$ cat coords-v9.cif   # mmCIF, C-alpha atoms
data_protein
loop_
_atom_site.label_atom_id
_atom_site.label_comp_id
_atom_site.auth_asym_id
_atom_site.auth_seq_id
_atom_site.Cartn_x
_atom_site.Cartn_y
_atom_site.Cartn_z
CA MET A 717 100.26 89.82 87.90
CA GLU A 718 102.37 92.32 89.74
CA ASP A 719 105.68 91.10 91.03
CA LYS A 720 106.47 93.40 93.92
CA LEU A 721 109.36 93.21 96.31
CA ILE A 722 108.34 94.20 99.81
CA ILE A 723 110.75 94.32 102.73
CA ALA A 724 109.57 95.38 106.17
CA GLY A 725 106.45 96.87 104.58
CA ILE A 726 108.47 98.98 102.14
CA GLU A 727 107.72 98.46 98.47
CA PHE A 728 110.69 98.37 96.12
CA LYS A 729 110.27 99.10 92.43
CA SER A 730 113.54 97.60 91.36
CA ARG A 731 115.21 94.30 92.09
CA LEU A 732 118.57 95.76 91.19
CA TRP A 733 120.15 97.73 94.02
CA ILE A 734 123.38 99.55 93.47
CA GLY A 735 126.25 101.00 95.42
CA THR A 736 127.57 104.51 94.85
CA GLY A 737 131.27 103.94 95.51
CA LYS A 738 134.21 104.15 93.09
CA TYR A 739 132.67 106.47 90.48
CA LYS A 740 134.75 109.27 89.02
CA ASP A 741 132.27 111.96 90.09
CA PHE A 742 128.70 112.43 91.30
CA GLU A 743 127.48 113.13 87.77
CA GLU A 744 128.62 109.72 86.63
CA THR A 745 127.05 108.18 89.75
CA LEU A 746 123.71 109.75 88.86
CA ARG A 747 123.88 108.63 85.23
CA VAL A 748 124.62 105.09 86.37
CA VAL A 749 121.79 105.09 88.90
CA GLU A 750 119.37 106.30 86.23
CA ALA A 751 120.56 103.73 83.66
CA SER A 752 120.32 100.91 86.19
CA GLY A 753 116.68 101.58 87.00
CA ALA A 754 117.55 100.96 90.66
CA ASP A 755 115.44 102.63 93.32
CA VAL A 756 117.77 101.61 96.14
CA VAL A 757 121.24 103.02 96.45
CA THR A 758 123.73 102.27 99.19
CA VAL A 759 125.90 104.92 100.78
CA ALA A 760 128.64 104.93 103.39
CA VAL A 761 128.86 107.01 106.57
CA ARG A 762 132.05 109.05 106.90
CA ARG A 763 133.39 112.08 108.74
CA VAL A 764 132.52 115.44 107.19
CA ASN A 765 135.66 117.06 105.84
CA ILE A 766 135.91 120.00 108.24
CA THR A 767 138.76 121.63 106.38
CA ASP A 768 136.68 121.76 103.18
CA PRO A 769 133.04 121.59 104.30
CA ASN A 770 131.75 123.08 101.06
CA LYS A 771 132.66 120.00 99.10
CA GLU A 772 129.69 118.70 97.14
CA ASN A 773 127.49 116.12 98.80
CA LEU A 774 126.38 112.92 97.08
CA LEU A 775 122.78 113.45 98.18
CA GLU A 776 122.62 116.69 96.20
CA TYR A 777 122.78 114.40 93.15
CA ILE A 778 120.92 111.34 94.37
CA ASP A 779 117.65 112.76 95.65
CA PRO A 780 116.50 110.89 98.79
CA LYS A 781 112.91 111.72 97.85
CA LYS A 782 113.33 109.78 94.63
CA TYR A 783 115.62 106.96 95.76
CA LYS A 784 115.68 104.79 98.84
CA ILE A 785 118.96 105.50 100.57
CA LEU A 786 120.46 102.44 102.23
CA PRO A 787 123.34 103.43 104.53
CA ASN A 788 125.95 100.78 105.13
CA THR A 789 128.38 100.10 107.93
CA ALA A 790 131.25 99.31 105.57
CA GLY A 791 134.66 99.50 107.14
CA CYS A 792 133.44 98.35 110.56
CA PHE A 793 135.34 95.45 112.07
CA THR A 794 133.47 95.18 115.38
CA ALA A 795 129.82 94.94 116.34
CA GLU A 796 130.28 98.06 118.45
CA ASP A 797 131.56 100.16 115.52
CA ALA A 798 128.84 98.87 113.22
CA ILE A 799 126.14 99.68 115.78
CA ARG A 800 127.61 103.14 116.31
CA THR A 801 127.74 103.79 112.56
CA ALA A 802 124.16 102.57 112.09
CA ARG A 803 122.94 104.88 114.84
CA LEU A 804 124.70 107.85 113.23
CA ALA A 805 123.23 106.94 109.84
CA ARG A 806 119.74 106.90 111.28
CA ALA A 807 120.34 110.18 113.12
CA ALA A 808 121.00 111.85 109.75
CA GLY A 809 117.27 111.42 109.26
CA ILE A 810 117.03 109.72 105.91
CA SER A 811 116.40 106.08 106.59
CA ASP A 812 115.77 103.49 109.29
CA MET A 813 117.26 100.84 107.02
CA VAL A 814 120.84 99.73 107.39
CA LYS A 815 122.97 97.43 105.30
CA LEU A 816 124.79 95.91 108.23
CA GLU A 817 128.37 94.93 107.58
CA VAL A 818 130.77 93.67 110.21
CA ILE A 819 133.93 92.69 108.42
CA GLY A 820 136.15 89.95 109.80
CA ASP A 821 139.21 90.25 107.60
CA PRO A 822 140.59 93.07 105.41
CA LYS A 823 141.87 90.78 102.65
CA THR A 824 138.69 88.88 101.91
CA LEU A 825 136.24 91.34 103.47
CA PHE A 826 134.32 88.28 104.62
CA PRO A 827 131.81 89.00 107.37
CA ASP A 828 132.45 88.24 111.02
CA ASN A 829 129.33 86.18 111.58
CA GLU A 830 129.39 86.19 115.34
CA ALA A 831 129.68 89.96 115.53
CA LEU A 832 127.15 90.39 112.71
CA LEU A 833 124.56 88.39 114.62
CA GLU A 834 125.22 90.35 117.79
CA ALA A 835 124.91 93.70 115.98
CA THR A 836 121.73 92.53 114.22
CA ARG A 837 120.09 91.68 117.56
CA VAL A 838 120.97 95.07 119.06
CA LEU A 839 119.81 97.12 116.07
CA VAL A 840 116.58 95.16 115.58
CA LYS A 841 115.75 95.87 119.22
CA GLU A 842 116.32 99.58 118.53
CA GLY A 843 113.83 99.51 115.68
CA PHE A 844 116.18 99.46 112.72
CA ILE A 845 115.29 97.67 109.49
CA VAL A 846 118.39 95.50 109.44
CA LEU A 847 119.70 94.01 106.19
CA PRO A 848 122.82 92.06 107.16
CA TYR A 849 125.57 91.32 104.65
CA THR A 850 126.52 87.72 105.34
CA ASN A 851 128.41 84.86 103.78
CA ASP A 852 126.62 82.19 101.77
CA ASP A 853 125.89 80.04 104.81
CA PRO A 854 122.29 78.83 105.13
CA ILE A 855 122.61 78.29 108.88
CA MET A 856 123.84 81.82 109.41
CA ALA A 857 121.05 83.14 107.21
CA ARG A 858 118.51 81.35 109.39
CA LYS A 859 120.06 82.73 112.56
CA LEU A 860 119.92 86.26 111.14
CA GLU A 861 116.28 85.78 110.23
CA ASP A 862 115.56 84.52 113.75
CA ALA A 863 117.36 87.60 115.12
CA GLY A 864 114.89 89.81 113.25
CA ALA A 865 116.71 90.73 110.05
CA ALA A 866 114.24 92.17 107.53
CA ALA A 867 116.15 90.52 104.67
CA VAL A 868 119.38 88.59 104.40
CA MET A 869 122.13 89.57 101.98
CA PRO A 870 124.47 86.67 101.25
CA LEU A 871 127.55 87.31 99.16
CA GLY A 872 127.91 85.76 95.72
CA ALA A 873 131.69 86.14 96.03
CA PRO A 874 134.06 88.47 97.90
CA ILE A 875 133.28 92.20 97.59
CA GLY A 876 134.71 93.66 94.39
CA SER A 877 136.06 90.30 93.19
CA GLY A 878 133.79 89.90 90.16
CA LEU A 879 133.93 86.13 90.63
CA GLY A 880 130.19 85.73 90.18
CA ILE A 881 127.94 83.42 92.16
CA CYS A 882 130.54 81.02 93.55
CA ASN A 883 128.19 78.74 95.41
CA PRO A 884 124.82 78.75 93.67
CA TYR A 885 123.69 75.70 95.64
CA ASN A 886 124.12 77.46 98.97
CA ILE A 887 122.33 80.56 97.67
CA ARG A 888 119.46 78.32 96.59
CA ILE A 889 119.36 76.56 99.94
CA ILE A 890 119.30 79.94 101.70
CA ILE A 891 116.38 81.03 99.52
CA GLU A 892 114.52 77.80 100.24
CA THR A 893 115.30 77.84 103.97
CA ILE A 894 114.35 81.32 105.09
CA SER A 895 111.16 83.26 104.62
CA VAL A 896 112.49 86.85 104.59
CA PRO A 897 113.72 88.18 101.23
CA VAL A 898 117.20 87.28 100.03
CA VAL A 899 119.32 89.95 98.33
CA VAL A 900 122.50 88.59 96.77
CA ASP A 901 125.16 91.15 97.58
CA ALA A 902 128.69 91.32 96.22
CA GLY A 903 130.69 89.34 93.71
CA VAL A 904 128.75 90.13 90.53
CA GLY A 905 131.21 90.68 87.68
CA THR A 906 129.00 90.82 84.62
CA ALA A 907 125.37 90.62 83.52
CA SER A 908 125.13 86.81 83.46
CA ASP A 909 126.15 86.68 87.14
CA ALA A 910 123.24 88.91 88.05
CA ALA A 911 120.89 86.82 85.93
CA ILE A 912 122.10 83.62 87.63
CA ALA A 913 121.43 85.09 91.07
CA MET A 914 117.91 86.03 90.03
CA GLU A 915 117.30 82.66 88.30
CA LEU A 916 118.17 80.96 91.58
CA GLY A 917 115.25 82.83 93.11
CA ALA A 918 116.97 85.77 94.79
CA ASP A 919 114.59 88.62 95.51
CA ALA A 920 117.12 91.24 94.45
CA VAL A 921 120.79 91.76 93.65
CA LEU A 922 123.05 94.45 95.06
CA MET A 923 126.24 95.40 93.28
CA ASN A 924 128.78 98.19 93.05
CA THR A 925 132.16 97.30 91.56
CA GLY A 926 130.64 95.19 88.77
CA ILE A 927 129.21 98.43 87.38
CA ALA A 928 131.64 101.05 88.69
CA GLY A 929 134.69 99.10 87.50
CA ALA A 930 133.39 98.42 83.97
CA LYS A 931 135.00 100.30 81.07
CA ASP A 932 131.62 101.92 80.42
CA PRO A 933 129.75 101.99 83.74
CA VAL A 934 126.58 103.52 82.31
CA MET A 935 126.31 100.82 79.65
CA MET A 936 127.02 98.12 82.25
CA ALA A 937 124.28 99.58 84.46
CA ARG A 938 121.84 99.13 81.59
CA ALA A 939 123.10 95.57 81.06
CA MET A 940 122.57 94.78 84.75
CA ASN A 941 119.09 96.27 84.64
CA HIS A 942 118.17 93.91 81.78
CA ALA A 943 119.95 90.94 83.38
CA VAL A 944 118.12 91.27 86.68
CA GLN A 945 114.79 91.57 84.92
CA ALA A 946 115.58 88.64 82.60
CA GLY A 947 116.74 86.49 85.51
CA ARG A 948 113.63 87.26 87.51
CA LEU A 949 111.33 86.44 84.59
CA ALA A 950 113.19 83.19 83.92
CA PHE A 951 112.84 82.23 87.58
CA LYS A 952 109.14 82.98 87.57
CA ALA A 953 108.65 81.23 84.22
CA GLY A 954 110.29 78.05 85.53
CA ARG A 955 113.24 76.63 83.68
CA ILE A 956 113.27 73.18 82.06
CA PRO A 957 115.04 70.38 83.88
CA LYS A 958 118.57 69.60 82.69
CA LYS A 959 118.90 66.34 80.79
CA LEU A 960 121.89 64.47 79.43
CA TYR A 961 120.40 63.60 76.03
CA ALA A 962 118.58 65.51 73.30
CA SER A 963 114.87 65.83 72.89
CA ALA A 964 113.86 66.97 69.39
CA SER A 965 112.12 70.31 69.08
CA SER A 966 110.62 69.52 65.67
CA PRO A 967 107.96 66.81 65.17
CA LEU A 968 109.29 63.38 64.22
CA GLU A 969 106.16 62.64 62.16
CA GLY A 970 105.74 63.79 58.54
CA LEU A 971 109.38 63.59 57.54
CA ILE A 972 109.90 63.16 53.78
CA GLN A 973 110.70 59.61 52.72
CA MET B 1384 138.81 125.78 125.27
CA LYS B 1385 139.98 122.72 123.39
CA ILE B 1386 137.69 120.17 121.81
CA VAL B 1387 138.25 117.45 119.23
CA VAL B 1388 136.19 117.46 116.03
CA ASN B 1389 136.52 114.50 113.68
CA GLY B 1390 139.86 113.67 115.22
CA GLU B 1391 141.24 117.21 114.91
CA ASP B 1392 142.01 119.52 117.84
CA LYS B 1393 140.00 122.74 117.74
CA ASN B 1394 140.15 125.85 119.88
CA VAL B 1395 136.67 127.22 120.42
CA LYS B 1396 134.95 129.78 122.62
CA HIS B 1397 134.16 128.58 126.12
CA GLY B 1398 130.62 127.21 126.35
CA ILE B 1399 129.95 127.41 122.62
CA LEU B 1400 126.66 125.91 121.43
CA LEU B 1401 126.88 122.92 119.10
CA SER B 1402 124.72 124.71 116.52
CA VAL B 1403 127.10 127.69 116.54
CA LEU B 1404 130.13 125.46 116.09
CA ILE B 1405 128.49 123.65 113.18
CA GLY B 1406 127.73 127.05 111.62
CA GLU B 1407 131.29 128.27 112.14
CA LEU B 1408 132.67 125.14 110.53
CA GLY B 1409 130.53 125.93 107.48
CA ILE B 1410 128.69 122.64 107.65
CA SER B 1411 125.08 122.45 106.50
CA CYS B 1412 122.99 120.77 109.20
CA ALA B 1413 120.95 118.89 106.65
CA ARG B 1414 121.89 115.22 106.36
CA VAL B 1415 124.67 115.24 108.89
CA ALA B 1416 124.69 113.40 112.18
CA VAL B 1417 126.58 114.35 115.31
CA GLU B 1418 127.96 112.25 118.10
CA ARG B 1419 129.29 113.92 121.24
CA ASN B 1420 131.43 111.80 123.52
CA ARG B 1421 130.01 108.75 121.77
CA LYS B 1422 126.39 109.75 122.28
CA ILE B 1423 124.17 110.85 119.39
CA VAL B 1424 122.95 114.42 119.60
CA PRO B 1425 119.58 114.71 117.86
CA PRO B 1426 119.27 117.70 115.48
CA GLU B 1427 116.63 119.35 117.68
CA ALA B 1428 119.20 119.52 120.50
CA TYR B 1429 121.95 121.31 118.51
CA ASP B 1430 120.64 124.66 119.75
CA THR B 1431 120.66 123.68 123.41
CA THR B 1432 123.84 121.62 123.57
CA THR B 1433 126.66 123.51 125.24
CA LEU B 1434 130.08 122.10 124.52
CA HIS B 1435 132.66 121.52 127.24
CA GLU B 1436 136.44 121.40 127.40
CA GLY B 1437 137.74 118.12 126.01
CA ASP B 1438 134.50 117.16 124.22
CA GLN B 1439 134.97 114.69 121.41
CA LEU B 1440 132.70 115.29 118.42
CA GLU B 1441 132.10 113.18 115.36
CA ILE B 1442 130.23 114.91 112.55
CA VAL B 1443 129.38 112.55 109.70
CA SER B 1444 127.48 112.55 106.44
CA PHE B 1445 126.90 110.15 103.57
CA VAL B 1446 129.47 109.43 100.87
CA GLY B 1447 129.56 107.02 97.95
CA GLY B 1448 129.84 103.41 99.05
CA GLY B 1449 128.69 99.90 98.28
#
$ encode --input "coords-v9.cif" --output "structure tokens"
Amino acid sequence: MEDKLIIAGIEFKSRLWIGTGKYKDFEETLRVVEASGADVVTVAVRRVNITDPNKENLLEYIDPKKYKILPNTAGCFTAEDAIRTARLARAAGISDMVKLEVIGDPKTLFPDNEALLEATRVLVKEGFIVLPYTNDDPIMARKLEDAGAAAVMPLGAPIGSGLGICNPYNIRIIIETISVPVVVDAGVGTASDAAIAMELGADAVLMNTGIAGAKDPVMMARAMNHAVQAGRLAFKAGRIPKKLYASASSPLEGLIQ
Amino acid sequence: MKIVVNGEDKNVKHGILLSVLIGELGISCARVAVERNRKIVPPEAYDTTTLHEGDQLEIVSFVGGG
């Protein structure tokens, strides 16, 4: 049976989505994207360098015909700035999707929920496919769904922290509570973190630093690819319940006397 | 006349078209987006948008990010 991820009518081949920040050059970015098997890559919106306009562009390496480009509103601290950035991203003509970030604090990079909800409402009304980056709060996730978010992206831990899935119970409650897909975004430090997110029932995992910051990013991208697939299969297969005491795997009958 | 492009003051010809300015800056129009005085200018309007003294332009593209 096929196990497709569909968000707002768009079919995604991969349940691993990756960011393109923090790599040493675009060649490395491309090698990582290929190794990860991801078909969604996030990008940021920034001013063109007008003093050196001939600088290479990321999208000359990551072909938008081959990959789904998911622009983010990273660095925005108000709903107004995030909305403005999303509109610019869409005007560049590559995607109607936006990974909506409205950051509330530079130290934790936690989202400003109030502003996030406000920006979600505005952008949904304008026809965007809004994927809000939120904290691991089930109530907030429900409000974002009600506001028209196409998927909800709760954090596993603060962006770039590598702390893993800090509150698996909340992530699970979010998954059980809302009906739009859940993409765990941020906090993944190593392959087992990604597998845990998927075993909880997440529809996909988005990460950047966990790969980009590894000693060998290409190898880590492969590890994450396997971890996400393994976690998804384990979730679908249905894990055994946890028990305090043993239950023998070998038959108790026929033992030698 | 003076305009501001991506936060930098620029002296340009009076009544210059947006498309001409973009060309002079050496920017490829593909995959950029332009905001003029906080309003998006769609690509099809670059050729008909005349810039005015004091205009504030933001020209953006995509960079690596998470």
$ interface_residues --input "coords-v9.cif" --of "chain B" --to "chain A" --cutoff "8 Å" --atoms "only C-alpha atoms" --output "ChimeraX atom specification"
/B:1389,1408-1410,1413-1418,1423,1425-1426,1441-1449
$ resolve_selection --input "coords-v9.cif" --expression "the PyMOL selection byres ((chain B and resi 1385) around 12)" --output "list of chain:residue names"
B:Met1384, B:Ile1386, B:Val1387, B:Val1388, B:Glu1391, B:Asp1392, B:Lys1393, B:Asn1394, B:Val1395, B:Lys1396, B:His1397, B:Gly1398, B:Ile1399, B:Leu1434, B:His1435, B:Glu1436, B:Gly1437, B:Asp1438, B:Gln1439, B:Leu1440
$ residues_around --input "coords-v9.cif" --residues "A:Val899" --least-positions-apart "3" --cutoff "10 Å" --atoms "all atoms listed in the file" --output "ChimeraX atom specification"
/A:731-733,847-849,867-872,887,891,896,902,913-914,917-922
$ resolve_selection --input "coords-v9.cif" --expression "the PyMOL selection byres ((chain A and resi 877) around 8)" --output "list in words"
Ala873, Pro874, Ile875, Gly876, Gly878, Leu879, Gly903, Val904 and Gly905 of chain A
$ resolve_selection --input "coords-v9.cif" --expression "the PyMOL selection byres ((chain A and resi 793) around 10)" --output "list in words"
Thr789, Ala790, Gly791, Cys792, Thr794, Ala795, Glu796, Asp797, Ala798, Glu817, Val818, Ile819, Gly820, Asp821, Pro822, Leu825, Pro827, Asp828, Ala831 and Leu832 of chain A
$ atom_distance --input "coords-v9.cif" --atom1 "atom CA of A:Asp719" --atom2 "atom CA of A:Phe951"
11.9 Å
$ atom_distance --input "coords-v9.cif" --atom1 "atom CA of A:Ala907" --atom2 "atom CA of A:Asn851"
21.3 Å
$ atom_distance --input "coords-v9.cif" --atom1 "atom CA of A:Ile889" --atom2 "atom CA of A:Pro854"
6.4 Å
$ closest_residue --input "coords-v9.cif" --among "A:Ala946, A:Ile881, A:Met940, A:Leu839" --to "A:Asp812" --atoms "only C-alpha atoms"
A:Leu839
$ residues_around --input "coords-v9.cif" --residues "A:Ala866" --least-positions-apart "4" --cutoff "9 Å" --atoms "all atoms listed in the file" --output "JSON, numbers by chain"
{"A": [723, 724, 840, 845, 846, 847, 848, 860, 861, 896, 897]}
